Amino acid sequence: MRDFPNVYQPAGKQLFHGDDEIKGKWNRVFFRNDHPLVLELGCGKGEYTVELARRNPHANFIGMDIKGSRMWKGARRSLDEGLKNAAFLRARIEFIERLFAPGEVSELWITFPDPQPKKAKNRLVSSWFLNTYRNCLQPGGEIHLKTDSLMLHHYLLDLLKENRVPAEQATDDLYAAADLKEELAIKTFYEARFLNEGKKITYLSFKMPAEKLWVEPLYFQRGNDE
Ligand SMILES: C[S@@+](CC[C@H](N)C(=O)[O-])C[C@H]1O[C@@H](n2cnc3c(N)ncnc32)[C@H](O)[C@@H]1O
């Protein structure tokens with residue numbers, strides 16, 4: 001993937017030492033336009049990133065994942081289709097603030113992340129991660145979570161309640177919803193597998209409040225990490 005023009009891979013341990021040179025410059029240097037930037041976290045093979053890019057030529061989409069072998073597929077597909085508004089970023093999400101400047105991202109999708117039942121802080125929607133996303137997302141920027149994990153869905157509902165942030169939309173059975181938005185019916189590799197197993201898909205969206213310091217739901221603050 002080193003030769004793919006639509007893939008960005010920060011060198012070695014560079015991110016441990018400071019900000020990446022692309023931070024704040026994605027649109028100017030990479031996409032060369034001023035369209036809104038939408039980020040998919042843990043994009044895997046990139047189905048959502050590619051499909052959203054196809055449907056929305058006036059926005060830029062970046063799929064982020066640490067596993068190069070998975071994102072190769074989405075990167076190859078976008079190149080073959082000549083998609084100019086899709087890119088892939090190979091890096092750990094923990095470093096998001098070193099890669100995106102405050103307000104640089106307008107929307108976040110988190111698609112079928114590992115639910116991390118034992119370690120709440122490792123969940124991609126934990127208060128720790130939300131505080132890092134807050135430093136890159138525009139205030140009011142929307143965050144979408146699709147998951148088959150009821151535990152993760154309810155954990156995020158509890159987190160929103162604890163932090164007094166209203167959900168924009170929440171359903172524990174997405175495909176039973178009457179007015180399903182078209183973009184919510186895009187299916188990732190993992191989603192297709194879960195649907196085949198007869199699992200229900202949940203969906204939750206909310207807007208990132210400005211200046212909010214996220215805290216864990218009370219039962220986690222007390223040290224109960226189960
Ligand atoms: C269960 S897979 C889902 C992939 C894809 N979204 C889908 O639905 O098919 C979770 C993905 O998140 C990525 N991931 C998990 N934690 C990550 C982290 N801290 N930084 C970057 N990628 C991460 C994994 O490499 C994996 O590709």
# chains A, B, ... in the order shown; residues from 1 in each chain; ligands from 1
>>> residues_near_ligand(ligand="ligand 1", cutoff="10 Å", atoms="only C-alpha atoms and all ligand atoms", output="JSON, numbers by chain")
{"A": [40, 41, 42, 43, 44, 45, 46, 47, 48, 49, 63, 64, 65, 66, 67, 68, 69, 70, 71, 89, 90, 91, 92, 93, 94, 95, 96, 109, 110, 111, 112, 113, 114, 115, 116, 122, 123, 124, 129, 146, 147, 148, 187, 188, 189, 190, 191, 192, 193, 194]}
>>> select_by_dssp(residues="region 72-216 of chain A", states="strand (DSSP E or B)", output="number ranges by chain")
A: 86-90, 105-111, 137-147, 167-171, 202-207
>>> closest_residue(among="A:Lys25, A:Lys73, A:Leu159, A:Pro209", to="Trp128 (chain A)", atoms="only C-alpha atoms")
A:Leu159
>>> residues_around(residues="Pro36 (chain A)", least_positions_apart="5", cutoff="12 Å", atoms="only C-alpha atoms", output="list of chain:residue names")
A:Trp26, A:Asn27, A:Arg28, A:Phe31, A:Ala53, A:Asn56, A:Pro57, A:His58, A:Ala59, A:Asn60, A:Phe61, A:Ile62, A:Asn85, A:Gly103, A:Glu104, A:Val105, A:Ser106, A:Glu107, A:Leu108, A:Leu137, A:Gln138, A:Gly141
>>> write_last_selection(atoms="N, CA, C and O atoms", output="CSV table (one decimal), in the first residue's frame")
chain,number,residue,atom,x,y,z
A,26,TRP,N,-5.5,18.1,5.9
A,26,TRP,CA,-6.0,17.0,5.0
A,26,TRP,C,-6.7,17.5,3.8
A,26,TRP,O,-6.4,17.0,2.7
A,27,ASN,N,-7.5,18.5,3.9
A,27,ASN,CA,-8.2,19.0,2.7
A,27,ASN,C,-7.3,19.8,1.8
A,27,ASN,O,-7.3,19.6,0.6
A,28,ARG,N,-6.4,20.6,2.3
A,28,ARG,CA,-5.5,21.4,1.5
A,28,ARG,C,-4.5,20.5,0.7
A,28,ARG,O,-4.3,20.6,-0.5
A,31,PHE,N,-6.8,16.2,-0.3
A,31,PHE,CA,-8.0,16.2,-1.1
A,31,PHE,C,-8.1,17.4,-2.1
A,31,PHE,O,-8.8,17.4,-3.1
A,53,ALA,N,-18.5,7.6,0.0
A,53,ALA,CA,-17.7,8.4,-0.9
A,53,ALA,C,-18.4,8.4,-2.3
A,53,ALA,O,-18.6,9.4,-2.9
A,56,ASN,N,-21.6,10.5,-2.0
A,56,ASN,CA,-21.5,11.9,-1.6
A,56,ASN,C,-20.3,12.6,-2.2
A,56,ASN,O,-19.3,12.7,-1.5
A,57,PRO,N,-20.3,12.9,-3.5
A,57,PRO,CA,-19.1,13.5,-4.1
A,57,PRO,C,-18.6,14.8,-3.5
A,57,PRO,O,-17.5,15.2,-3.7
A,58,HIS,N,-19.5,15.5,-2.7
A,58,HIS,CA,-19.1,16.8,-2.2
A,58,HIS,C,-18.7,16.7,-0.7
A,58,HIS,O,-18.8,17.7,0.1
A,59,ALA,N,-18.2,15.5,-0.3
A,59,ALA,CA,-17.6,15.4,1.0
A,59,ALA,C,-16.4,14.5,0.8
A,59,ALA,O,-16.3,13.7,-0.1
A,60,ASN,N,-15.5,14.6,1.8
A,60,ASN,CA,-14.3,13.7,1.8
A,60,ASN,C,-14.4,12.7,2.8
A,60,ASN,O,-14.9,13.0,4.0
A,61,PHE,N,-14.0,11.4,2.6
A,61,PHE,CA,-14.1,10.3,3.5
A,61,PHE,C,-12.8,9.7,3.8
A,61,PHE,O,-12.0,9.4,2.8
A,62,ILE,N,-12.5,9.4,5.0
A,62,ILE,CA,-11.3,8.7,5.4
A,62,ILE,C,-11.6,7.5,6.3
A,62,ILE,O,-12.3,7.7,7.3
A,85,ASN,N,-12.5,11.2,-3.5
A,85,ASN,CA,-12.9,11.7,-2.2
A,85,ASN,C,-12.9,10.6,-1.1
A,85,ASN,O,-13.5,10.8,-0.1
A,103,GLY,N,-11.6,20.7,15.1
A,103,GLY,CA,-12.6,21.1,14.2
A,103,GLY,C,-12.4,20.6,12.7
A,103,GLY,O,-13.2,20.9,11.8
A,104,GLU,N,-11.3,19.8,12.5
A,104,GLU,CA,-11.0,19.4,11.1
A,104,GLU,C,-12.0,18.3,10.6
A,104,GLU,O,-12.3,18.2,9.4
A,105,VAL,N,-12.6,17.6,11.6
A,105,VAL,CA,-13.5,16.5,11.2
A,105,VAL,C,-14.9,16.9,11.4
A,105,VAL,O,-15.2,17.5,12.4
A,106,SER,N,-15.8,16.6,10.4
A,106,SER,CA,-17.2,17.1,10.6
A,106,SER,C,-18.1,16.0,11.1
A,106,SER,O,-19.2,16.3,11.6
A,107,GLU,N,-17.7,14.8,10.9
A,107,GLU,CA,-18.7,13.6,11.3
A,107,GLU,C,-17.8,12.4,11.5
A,107,GLU,O,-16.8,12.2,10.8
A,108,LEU,N,-18.3,11.5,12.4
A,108,LEU,CA,-17.6,10.3,12.7
A,108,LEU,C,-18.5,9.1,12.6
A,108,LEU,O,-19.6,9.1,13.1
A,137,LEU,N,-13.3,16.9,16.3
A,137,LEU,CA,-14.7,17.0,15.7
A,137,LEU,C,-15.2,18.5,15.9
A,137,LEU,O,-14.9,19.1,16.9
A,138,GLN,N,-15.8,19.0,14.9
A,138,GLN,CA,-16.5,20.3,15.0
A,138,GLN,C,-17.6,20.1,16.1
A,138,GLN,O,-18.2,19.1,16.2
A,141,GLY,N,-20.8,18.2,15.7
A,141,GLY,CA,-20.5,17.1,14.7
A,141,GLY,C,-21.1,15.8,15.1
A,141,GLY,O,-21.1,15.5,16.3
>>> closest_residue(among="A:Arg2, A:Glu142, A:Ile22, A:Ala170", to="Lys207 (chain A)", atoms="only C-alpha atoms")
A:Glu142
>>> atom_distance(atom1="CA of Val215 (chain A)", atom2="CA of Asn163 (chain A)")
6.7 Å
>>> residues_around(residues="region 198-205 of chain A", least_positions_apart="2", cutoff="6 Å", atoms="only C-alpha atoms", output="number ranges by chain")
A: 143-148, 167-174, 194-196
>>> select_by_dssp(residues="region 114-167 of chain A", states="alpha helix (DSSP H)", output="list of chain:residue names")
A:Ser127, A:Trp128, A:Phe129, A:Leu130, A:Asn131, A:Thr132, A:Tyr133, A:Arg134, A:Leu150, A:Met151, A:Leu152, A:His153, A:His154, A:Tyr155, A:Leu156, A:Leu157, A:Asp158, A:Leu159, A:Leu160, A:Lys161, A:Glu162
>>> closest_residue(among="A:Cys136, A:Ala177, A:Ala86, A:Ala120", to="Glu216 (chain A)", atoms="only C-alpha atoms")
A:Ala120
>>> atom_distance(atom1="CA of Met208 (chain A)", atom2="CA of His153 (chain A)")
17.1 Å
>>> closest_residue(among="A:Arg55, A:Arg32, A:His17, A:Arg76", to="Met1 (chain A)", atoms="only C-alpha atoms")
A:Arg76
>>> closest_residue(among="A:Tyr8, A:Pro217, A:Leu15, A:Lys212", to="Trp72 (chain A)", atoms="only C-alpha atoms")
A:Tyr8
